file coords-v1.pdb (PDB, C-alpha atoms)
ATOM      1  CA  MET A   1      48.024  28.195  43.014
ATOM      2  CA  ILE A   2      50.313  28.563  46.032
ATOM      3  CA  ILE A   3      53.586  28.260  44.139
ATOM      4  CA  PRO A   4      53.513  27.887  40.332
ATOM      5  CA  LYS A   5      55.577  25.183  38.646
ATOM      6  CA  GLN A   6      58.329  27.490  37.353
ATOM      7  CA  TYR A   7      59.447  28.032  40.968
ATOM      8  CA  LEU A   8      59.729  24.317  41.745
ATOM      9  CA  LYS A   9      63.226  23.928  40.278
ATOM     10  CA  THR A  10      65.022  24.500  43.565
ATOM     11  CA  ILE A  11      65.643  22.547  46.723
ATOM     12  CA  LYS A  12      66.443  25.730  48.662
ATOM     13  CA  ARG A  13      63.942  27.012  51.208
ATOM     14  CA  THR A  14      64.665  30.670  50.541
ATOM     15  CA  GLY A  15      63.579  32.938  47.728
ATOM     16  CA  LEU A  16      60.272  31.165  47.123
ATOM     17  CA  GLY A  17      58.247  33.943  48.755
ATOM     18  CA  ARG A  18      58.488  35.999  45.569
ATOM     19  CA  GLY A  19      56.656  33.221  43.719
ATOM     20  CA  LEU A  20      53.898  32.812  46.305
ATOM     21  CA  PHE A  21      50.579  33.147  44.430
ATOM     22  CA  SER A  22      52.543  34.890  41.660
ATOM     23  CA  GLU A  23      49.889  34.230  39.009
ATOM     24  CA  GLN A  24      47.460  36.286  41.075
ATOM     25  CA  ARG A  25      49.917  38.734  42.699
ATOM     26  CA  TYR A  26      51.477  40.025  39.498
ATOM     27  CA  LYS A  27      50.147  41.394  36.233
ATOM     28  CA  ASP A  28      51.430  40.141  32.864
ATOM     29  CA  ASP A  29      53.952  43.016  32.763
ATOM     30  CA  GLY A  30      55.428  41.899  36.115
ATOM     31  CA  SER A  31      54.006  44.726  38.190
ATOM     32  CA  GLU A  32      52.049  43.969  41.350
ATOM     33  CA  ASN A  33      48.304  43.480  41.076
ATOM     34  CA  PRO A  34      46.900  46.051  43.540
ATOM     35  CA  ASP A  35      43.629  44.114  43.763
ATOM     36  CA  PHE A  36      45.233  40.900  45.052
ATOM     37  CA  ILE A  37      44.802  40.511  48.805
ATOM     38  CA  LEU A  38      48.501  40.034  49.611
ATOM     39  CA  THR A  39      49.415  43.243  47.805
ATOM     40  CA  SER A  40      46.334  45.250  48.788
ATOM     41  CA  ARG A  41      46.960  44.726  52.523
ATOM     42  CA  PRO A  42      49.603  46.624  54.506
ATOM     43  CA  THR A  43      53.079  45.290  53.841
ATOM     44  CA  ALA A  44      53.665  44.421  57.480
ATOM     45  CA  ILE A  45      51.927  41.062  57.507
ATOM     46  CA  PRO A  46      51.475  39.711  61.027
ATOM     47  CA  ARG A  47      52.989  36.347  61.879
ATOM     48  CA  CYS A  48      49.587  34.710  61.610
ATOM     49  CA  TRP A  49      47.950  36.413  58.698
ATOM     50  CA  SER A  50      44.245  36.865  58.154
ATOM     51  CA  PRO A  51      42.181  33.800  57.255
ATOM     52  CA  ALA A  52      42.896  32.291  53.902
ATOM     53  CA  THR A  53      41.293  29.333  52.198
ATOM     54  CA  ILE A  54      43.965  27.423  50.397
ATOM     55  CA  SER A  55      43.455  24.350  48.284
ATOM     56  CA  ALA A  56      46.724  22.496  48.249
ATOM     57  CA  ALA A  57      47.319  19.820  45.663
ATOM     58  CA  ALA A  58      49.310  16.792  46.729
ATOM     59  CA  ARG A  59      51.899  17.733  44.086
ATOM     60  CA  ALA A  60      52.833  20.837  46.102
ATOM     61  CA  ARG A  61      55.310  18.834  48.218
ATOM     62  CA  GLU A  62      57.689  21.029  50.232
ATOM     63  CA  HIS A  63      57.703  24.074  47.978
ATOM     64  CA  ALA A  64      54.282  25.445  48.973
ATOM     65  CA  PRO A  65      55.042  25.617  52.712
ATOM     66  CA  TRP A  66      58.536  26.933  51.941
ATOM     67  CA  ALA A  67      57.031  29.750  49.860
ATOM     68  CA  LEU A  68      54.524  30.632  52.601
ATOM     69  CA  LEU A  69      57.284  30.613  55.207
ATOM     70  CA  ASP A  70      59.637  32.680  53.034
ATOM     71  CA  PHE A  71      56.854  35.232  52.557
ATOM     72  CA  GLY A  72      56.317  35.447  56.322
ATOM     73  CA  ILE A  73      53.115  33.466  56.739
ATOM     74  CA  ARG A  74      53.195  31.266  59.836
ATOM     75  CA  CYS A  75      49.560  30.184  59.987
ATOM     76  CA  VAL A  76      47.031  29.102  57.363
ATOM     77  CA  ILE A  77      43.331  28.736  58.116
ATOM     78  CA  SER A  78      40.994  26.722  55.911
ATOM     79  CA  THR A  79      38.165  24.214  55.935
ATOM     80  CA  SER A  80      40.460  21.512  54.527
ATOM     81  CA  PHE A  81      43.991  20.815  53.339
ATOM     82  CA  GLY A  82      45.657  18.236  51.132
ATOM     83  CA  ASP A  83      47.430  15.643  53.293
ATOM     84  CA  ILE A  84      50.944  16.313  52.004
ATOM     85  CA  PHE A  85      50.576  20.085  52.322
ATOM     86  CA  TYR A  86      49.088  19.747  55.825
ATOM     87  CA  ASN A  87      51.906  17.508  57.060
ATOM     88  CA  ASN A  88      54.609  19.627  55.422
ATOM     89  CA  CYS A  89      53.239  22.752  57.104
ATOM     90  CA  PHE A  90      53.961  21.222  60.514
ATOM     91  CA  LYS A  91      57.416  20.071  59.408
ATOM     92  CA  ASN A  92      58.186  23.680  58.469
ATOM     93  CA  GLY A  93      56.755  25.328  61.599
ATOM     94  CA  ILE A  94      53.550  26.583  59.966
ATOM     95  CA  LEU A  95      50.282  26.060  61.820
ATOM     96  CA  PRO A  96      47.522  24.809  59.494
ATOM     97  CA  ILE A  97      44.158  25.271  61.216
ATOM     98  CA  ARG A  98      40.998  23.488  60.073
ATOM     99  CA  VAL A  99      37.728  25.253  60.840
ATOM    100  CA  THR A 100      34.114  24.904  59.748
ATOM    101  CA  GLN A 101      32.832  26.927  56.809
ATOM    102  CA  GLU A 102      30.694  28.943  59.242
ATOM    103  CA  ASP A 103      33.755  29.825  61.353
ATOM    104  CA  LEU A 104      35.786  30.627  58.237
ATOM    105  CA  ASP A 105      33.056  32.990  57.016
ATOM    106  CA  LYS A 106      33.144  34.746  60.401
ATOM    107  CA  LEU A 107      36.924  35.063  60.226
ATOM    108  CA  PHE A 108      36.700  36.499  56.702
ATOM    109  CA  ASP A 109      34.144  39.001  57.992
ATOM    110  CA  ASP A 110      36.522  39.920  60.815
ATOM    111  CA  ALA A 111      39.404  40.277  58.328
ATOM    112  CA  GLU A 112      37.438  42.849  56.310
ATOM    113  CA  ARG A 113      37.472  45.377  59.154
ATOM    114  CA  GLY A 114      40.450  47.322  57.838
ATOM    115  CA  ALA A 115      42.934  48.494  60.460
ATOM    116  CA  ASN A 116      41.019  46.624  63.178
ATOM    117  CA  ALA A 117      41.261  43.321  61.308
ATOM    118  CA  THR A 118      43.698  41.744  63.742
ATOM    119  CA  LEU A 119      43.269  38.047  64.363
ATOM    120  CA  THR A 120      45.245  36.435  67.150
ATOM    121  CA  ILE A 121      46.130  32.760  67.169
ATOM    122  CA  ASP A 122      46.473  31.275  70.650
ATOM    123  CA  LEU A 123      47.933  27.834  70.009
ATOM    124  CA  ALA A 124      48.216  26.949  73.693
ATOM    125  CA  ASN A 125      44.448  27.423  74.159
ATOM    126  CA  GLN A 126      43.609  26.404  70.569
ATOM    127  CA  GLU A 127      41.692  29.597  69.827
ATOM    128  CA  ILE A 128      41.518  32.194  67.095
ATOM    129  CA  ARG A 129      40.485  35.550  68.564
ATOM    130  CA  GLY A 130      38.848  38.147  66.375
ATOM    131  CA  PRO A 131      38.902  41.940  66.695
ATOM    132  CA  ASP A 132      35.479  41.918  68.375
ATOM    133  CA  GLY A 133      36.632  39.503  71.097
ATOM    134  CA  GLY A 134      34.928  36.539  69.463
ATOM    135  CA  LYS A 135      36.676  33.190  69.604
ATOM    136  CA  VAL A 136      36.879  30.253  67.244
ATOM    137  CA  LYS A 137      38.147  27.019  68.791
ATOM    138  CA  PHE A 138      40.215  24.577  66.745
ATOM    139  CA  GLU A 139      41.589  21.084  67.218
ATOM    140  CA  ILE A 140      45.212  20.036  66.819
ATOM    141  CA  ASP A 141      47.073  16.823  67.502
ATOM    142  CA  PRO A 142      48.746  17.155  70.951
ATOM    143  CA  PHE A 143      52.137  15.977  69.640
ATOM    144  CA  ARG A 144      52.127  18.538  66.812
ATOM    145  CA  LYS A 145      51.005  21.238  69.222
ATOM    146  CA  HIS A 146      53.937  20.339  71.518
ATOM    147  CA  CYS A 147      56.367  20.531  68.598
ATOM    148  CA  LEU A 148      55.116  23.941  67.428
ATOM    149  CA  LEU A 149      54.980  25.444  70.925
ATOM    150  CA  ASN A 150      58.538  24.280  71.591
ATOM    151  CA  ALA A 151      59.921  24.987  68.099
ATOM    152  CA  LEU A 152      60.876  21.329  67.680
ATOM    153  CA  ASP A 153      61.687  19.895  64.281
ATOM    154  CA  ASP A 154      62.839  16.311  63.709
ATOM    155  CA  ILE A 155      66.363  17.140  64.902
ATOM    156  CA  GLY A 156      65.039  18.972  67.960
ATOM    157  CA  LEU A 157      62.881  15.980  68.847
ATOM    158  CA  THR A 158      65.933  13.733  68.626
ATOM    159  CA  MET A 159      67.952  16.131  70.780
ATOM    160  CA  GLU A 160      65.273  15.893  73.488
ATOM    161  CA  LYS A 161      66.442  12.277  73.854
ATOM    162  CA  LYS A 162      70.148  13.199  73.953
ATOM    163  CA  ALA A 163      70.734  11.861  77.476
ATOM    164  CA  SER A 164      69.188   8.484  76.577
ATOM    165  CA  ILE A 165      71.140   8.370  73.307
ATOM    166  CA  ASP A 166      74.411   9.170  75.105
ATOM    167  CA  THR A 167      73.715   6.454  77.706
ATOM    168  CA  TYR A 168      72.980   3.911  74.976
ATOM    169  CA  GLU A 169      76.104   4.865  73.022
ATOM    170  CA  ALA A 170      78.293   4.565  76.128
ATOM    171  CA  LYS A 171      76.866   1.102  76.911
ATOM    172  CA  ALA A 172      77.269  -0.001  73.294
ATOM    173  CA  LYS A 173      80.877   1.194  73.199
ATOM    174  CA  GLN A 174      81.635  -0.663  76.421
ATOM    175  CA  ALA A 175      79.893  -3.856  75.238
ATOM    176  CA  ARG A 176      81.493  -3.736  71.773
ATOM    177  CA  ALA A 177      84.765  -1.876  72.142
ATOM    178  CA  TRP A 178      85.850  -3.054  68.686
ATOM    179  CA  ALA A 179      82.878  -1.393  66.943
TER
END

call {"tool": "encode", "arguments": {"input": "coords-v1.pdb", "output": "structure tokens"}}
result
Amino acid sequence: MIIPKQYLKTIKRTGLGRGLFSEQRYKDDGSENPDFILTSRPTAIPRCWSPATISAAARAREHAPWALLDFGIRCVISTSFGDIFYNNCFKNGILPIRVTQEDLDKLFDDAERGANATLTIDLANQEIRGPDGGKVKFEIDPFRKHCLLNALDDIGLTMEKKASIDTYEAKAKQARAWA
């Protein structure tokens, strides 16, 4: 559903946004479906878009988060996620938030308020704030929270250890000058 199979022929991270939910976003003639939520909303989609329930199949691999990211979605809210999709969201800087069905229903209700349908994600305090001032708390692994708040990917995490790596390399070069 997130990214149909015909878009999975690439290993590039860009250009997949056009295929995001394409079977629902576009009519058979290729024109946009005005009734689909991503085309019926204003085109300026906030960084953390309104609540969306997304069922992600394990087969989605990297392409589903890449398509969401390419489209501009930085946060996905649902009651559950497939493990691979969930983990790949974090690896691509997307915040997947798990909430209860009751909280999700409230967020959907908030999202239906038209121009006042702004939801704010406060990752530091682990809260989703609705337009009426209501809050929904969510849990997140502290390490993943640290990575998202500091924009750290695997390379960034390694670079945090640069001083230790440099020290080790210098000692290794001195101990094994021939290597």

call {"tool": "residues_around", "arguments": {"input": "coords-v1.pdb", "residues": "Glu127 in chain A", "least_positions_apart": "2", "cutoff": "10 Å", "atoms": "all atoms listed in the file", "output": "ChimeraX atom specification"}}
result
/A:97,120-125,129-130,134-139

call {"tool": "resolve_selection", "arguments": {"input": "coords-v1.pdb", "expression": "the PyMOL selection byres ((chain A and resi 21-33) around 6)", "output": "NGL selection string"}}
result
:A and (1-3 or 19-20 or 34-36)

call {"tool": "residues_around", "arguments": {"input": "coords-v1.pdb", "residues": "Asp110 in chain A", "least_positions_apart": "3", "cutoff": "7 Å", "atoms": "only C-alpha atoms", "output": "count of residues only"}}
result
6

call {"tool": "atom_distance", "arguments": {"input": "coords-v1.pdb", "atom1": "CA of Trp66 in chain A", "atom2": "CA of Cys89 in chain A"}}
result
8.5 Å

call {"tool": "resolve_selection", "arguments": {"input": "coords-v1.pdb", "expression": "the PyMOL selection byres ((chain A and resi 147) around 12)", "output": "list in words"}}
result
Phe90, Lys91, Asn92, Gly93, Ile94, Leu95, Leu123, Ala124, Ile140, Asp141, Pro142, Phe143, Arg144, Lys145, His146, Leu148, Leu149, Asn150, Ala151, Leu152, Asp153, Asp154, Ile155, Gly156, Leu157, Thr158 and Glu160 of chain A

call {"tool": "atom_distance", "arguments": {"input": "coords-v1.pdb", "atom1": "CA of Met159 in chain A", "atom2": "CA of Thr14 in chain A"}}
result
25.1 Å

call {"tool": "axis_aligned_box", "arguments": {"input": "coords-v1.pdb", "around": "range 110-124 of chain A", "padding_each_side": "3 Å", "output": "AutoDock Vina command-line options"}}
result
--center_x 42.4 --center_y 37.7 --center_z 65.0 --size_x 17.7 --size_y 27.5 --size_z 23.4

call {"tool": "closest_residue", "arguments": {"input": "coords-v1.pdb", "among": "A:Leu104, A:Gly72, A:Arg176, A:Pro65", "to": "Asn87 in chain A", "atoms": "all atoms listed in the file"}}
result
A:Pro65

call {"tool": "closest_residue", "arguments": {"input": "coords-v1.pdb", "among": "A:Leu68, A:Pro4, A:Ile37, A:Ile165", "to": "Gly17 in chain A", "atoms": "all atoms listed in the file"}}
result
A:Leu68

call {"tool": "atom_distance", "arguments": {"input": "coords-v1.pdb", "atom1": "CA of Thr100 in chain A", "atom2": "CA of Leu69 in chain A"}}
result
24.3 Å

call {"tool": "build_atoms", "arguments": {"input": "coords-v1.pdb", "residues": "range 118-150 of chain A", "atoms": "N, CA and C atoms", "output": "PDB file, keeping the file's coordinate frame"}}
result
ATOM      1  N   THR A 118      42.686  42.594  63.130  1.00  0.00           N
ATOM      2  CA  THR A 118      43.698  41.744  63.742  1.00  0.00           C
ATOM      3  C   THR A 118      43.080  40.456  64.278  1.00  0.00           C
ATOM      4  N   LEU A 119      43.625  39.357  63.823  1.00  0.00           N
ATOM      5  CA  LEU A 119      43.269  38.047  64.363  1.00  0.00           C
ATOM      6  C   LEU A 119      44.461  37.556  65.172  1.00  0.00           C
ATOM      7  N   THR A 120      44.188  36.955  66.297  1.00  0.00           N
ATOM      8  CA  THR A 120      45.245  36.435  67.150  1.00  0.00           C
ATOM      9  C   THR A 120      45.073  34.930  67.272  1.00  0.00           C
ATOM     10  N   ILE A 121      46.149  34.203  67.025  1.00  0.00           N
ATOM     11  CA  ILE A 121      46.130  32.760  67.169  1.00  0.00           C
ATOM     12  C   ILE A 121      46.750  32.421  68.515  1.00  0.00           C
ATOM     13  N   ASP A 122      45.996  31.737  69.357  1.00  0.00           N
ATOM     14  CA  ASP A 122      46.473  31.275  70.650  1.00  0.00           C
ATOM     15  C   ASP A 122      46.568  29.754  70.557  1.00  0.00           C
ATOM     16  N   LEU A 123      47.745  29.274  70.192  1.00  0.00           N
ATOM     17  CA  LEU A 123      47.933  27.834  70.009  1.00  0.00           C
ATOM     18  C   LEU A 123      47.779  27.086  71.323  1.00  0.00           C
ATOM     19  N   ALA A 124      48.293  27.629  72.399  1.00  0.00           N
ATOM     20  CA  ALA A 124      48.216  26.949  73.693  1.00  0.00           C
ATOM     21  C   ALA A 124      46.765  26.647  74.074  1.00  0.00           C
ATOM     22  N   ASN A 125      45.870  27.604  73.825  1.00  0.00           N
ATOM     23  CA  ASN A 125      44.448  27.423  74.159  1.00  0.00           C
ATOM     24  C   ASN A 125      43.612  26.996  72.963  1.00  0.00           C
ATOM     25  N   GLN A 126      44.267  26.848  71.796  1.00  0.00           N
ATOM     26  CA  GLN A 126      43.609  26.404  70.569  1.00  0.00           C
ATOM     27  C   GLN A 126      42.421  27.299  70.215  1.00  0.00           C
ATOM     28  N   GLU A 127      42.716  28.604  70.139  1.00  0.00           N
ATOM     29  CA  GLU A 127      41.692  29.597  69.827  1.00  0.00           C
ATOM     30  C   GLU A 127      42.198  30.598  68.803  1.00  0.00           C
ATOM     31  N   ILE A 128      41.277  31.051  67.974  1.00  0.00           N
ATOM     32  CA  ILE A 128      41.518  32.194  67.095  1.00  0.00           C
ATOM     33  C   ILE A 128      40.643  33.301  67.662  1.00  0.00           C
ATOM     34  N   ARG A 129      41.237  34.435  67.995  1.00  0.00           N
ATOM     35  CA  ARG A 129      40.485  35.550  68.564  1.00  0.00           C
ATOM     36  C   ARG A 129      40.352  36.651  67.521  1.00  0.00           C
ATOM     37  N   GLY A 130      39.132  37.089  67.331  1.00  0.00           N
ATOM     38  CA  GLY A 130      38.848  38.147  66.375  1.00  0.00           C
ATOM     39  C   GLY A 130      38.909  39.520  67.008  1.00  0.00           C
ATOM     40  N   PRO A 131      38.801  40.578  66.188  1.00  0.00           N
ATOM     41  CA  PRO A 131      38.902  41.940  66.695  1.00  0.00           C
ATOM     42  C   PRO A 131      37.747  42.323  67.626  1.00  0.00           C
ATOM     43  N   ASP A 132      36.632  41.605  67.523  1.00  0.00           N
ATOM     44  CA  ASP A 132      35.479  41.918  68.375  1.00  0.00           C
ATOM     45  C   ASP A 132      35.480  41.098  69.659  1.00  0.00           C
ATOM     46  N   GLY A 133      36.551  40.335  69.903  1.00  0.00           N
ATOM     47  CA  GLY A 133      36.632  39.503  71.097  1.00  0.00           C
ATOM     48  C   GLY A 133      36.047  38.110  70.908  1.00  0.00           C
ATOM     49  N   GLY A 134      35.473  37.859  69.743  1.00  0.00           N
ATOM     50  CA  GLY A 134      34.928  36.539  69.463  1.00  0.00           C
ATOM     51  C   GLY A 134      36.039  35.510  69.349  1.00  0.00           C
ATOM     52  N   LYS A 135      35.686  34.256  69.642  1.00  0.00           N
ATOM     53  CA  LYS A 135      36.676  33.190  69.604  1.00  0.00           C
ATOM     54  C   LYS A 135      36.187  32.045  68.731  1.00  0.00           C
ATOM     55  N   VAL A 136      37.126  31.467  68.009  1.00  0.00           N
ATOM     56  CA  VAL A 136      36.879  30.253  67.244  1.00  0.00           C
ATOM     57  C   VAL A 136      37.847  29.213  67.781  1.00  0.00           C
ATOM     58  N   LYS A 137      37.317  28.109  68.278  1.00  0.00           N
ATOM     59  CA  LYS A 137      38.147  27.019  68.791  1.00  0.00           C
ATOM     60  C   LYS A 137      38.583  26.128  67.629  1.00  0.00           C
ATOM     61  N   PHE A 138      39.753  25.526  67.750  1.00  0.00           N
ATOM     62  CA  PHE A 138      40.215  24.577  66.745  1.00  0.00           C
ATOM     63  C   PHE A 138      40.907  23.408  67.420  1.00  0.00           C
ATOM     64  N   GLU A 139      40.957  22.302  66.716  1.00  0.00           N
ATOM     65  CA  GLU A 139      41.589  21.084  67.218  1.00  0.00           C
ATOM     66  C   GLU A 139      42.971  20.932  66.579  1.00  0.00           C
ATOM     67  N   ILE A 140      43.878  20.339  67.331  1.00  0.00           N
ATOM     68  CA  ILE A 140      45.212  20.036  66.819  1.00  0.00           C
ATOM     69  C   ILE A 140      45.740  18.821  67.579  1.00  0.00           C
ATOM     70  N   ASP A 141      46.456  17.987  66.888  1.00  0.00           N
ATOM     71  CA  ASP A 141      47.073  16.823  67.502  1.00  0.00           C
ATOM     72  C   ASP A 141      48.009  17.295  68.621  1.00  0.00           C
ATOM     73  N   PRO A 142      47.907  16.710  69.821  1.00  0.00           N
ATOM     74  CA  PRO A 142      48.746  17.155  70.951  1.00  0.00           C
ATOM     75  C   PRO A 142      50.249  17.102  70.669  1.00  0.00           C
ATOM     76  N   PHE A 143      50.709  16.078  69.956  1.00  0.00           N
ATOM     77  CA  PHE A 143      52.137  15.977  69.640  1.00  0.00           C
ATOM     78  C   PHE A 143      52.575  17.130  68.740  1.00  0.00           C
ATOM     79  N   ARG A 144      51.778  17.434  67.722  1.00  0.00           N
ATOM     80  CA  ARG A 144      52.127  18.538  66.812  1.00  0.00           C
ATOM     81  C   ARG A 144      52.064  19.878  67.538  1.00  0.00           C
ATOM     82  N   LYS A 145      51.107  20.022  68.408  1.00  0.00           N
ATOM     83  CA  LYS A 145      51.005  21.238  69.222  1.00  0.00           C
ATOM     84  C   LYS A 145      52.274  21.400  70.059  1.00  0.00           C
ATOM     85  N   HIS A 146      52.710  20.321  70.722  1.00  0.00           N
ATOM     86  CA  HIS A 146      53.937  20.339  71.518  1.00  0.00           C
ATOM     87  C   HIS A 146      55.134  20.771  70.666  1.00  0.00           C
ATOM     88  N   CYS A 147      55.242  20.197  69.482  1.00  0.00           N
ATOM     89  CA  CYS A 147      56.367  20.531  68.598  1.00  0.00           C
ATOM     90  C   CYS A 147      56.348  22.003  68.202  1.00  0.00           C
ATOM     91  N   LEU A 148      55.190  22.539  67.827  1.00  0.00           N
ATOM     92  CA  LEU A 148      55.116  23.941  67.428  1.00  0.00           C
ATOM     93  C   LEU A 148      55.381  24.878  68.608  1.00  0.00           C
ATOM     94  N   LEU A 149      54.782  24.578  69.766  1.00  0.00           N
ATOM     95  CA  LEU A 149      54.980  25.444  70.925  1.00  0.00           C
ATOM     96  C   LEU A 149      56.432  25.463  71.392  1.00  0.00           C
ATOM     97  N   ASN A 150      57.148  24.377  71.145  1.00  0.00           N
ATOM     98  CA  ASN A 150      58.538  24.280  71.591  1.00  0.00           C
ATOM     99  C   ASN A 150      59.546  24.404  70.457  1.00  0.00           C
TER     100      ASN A 150
END
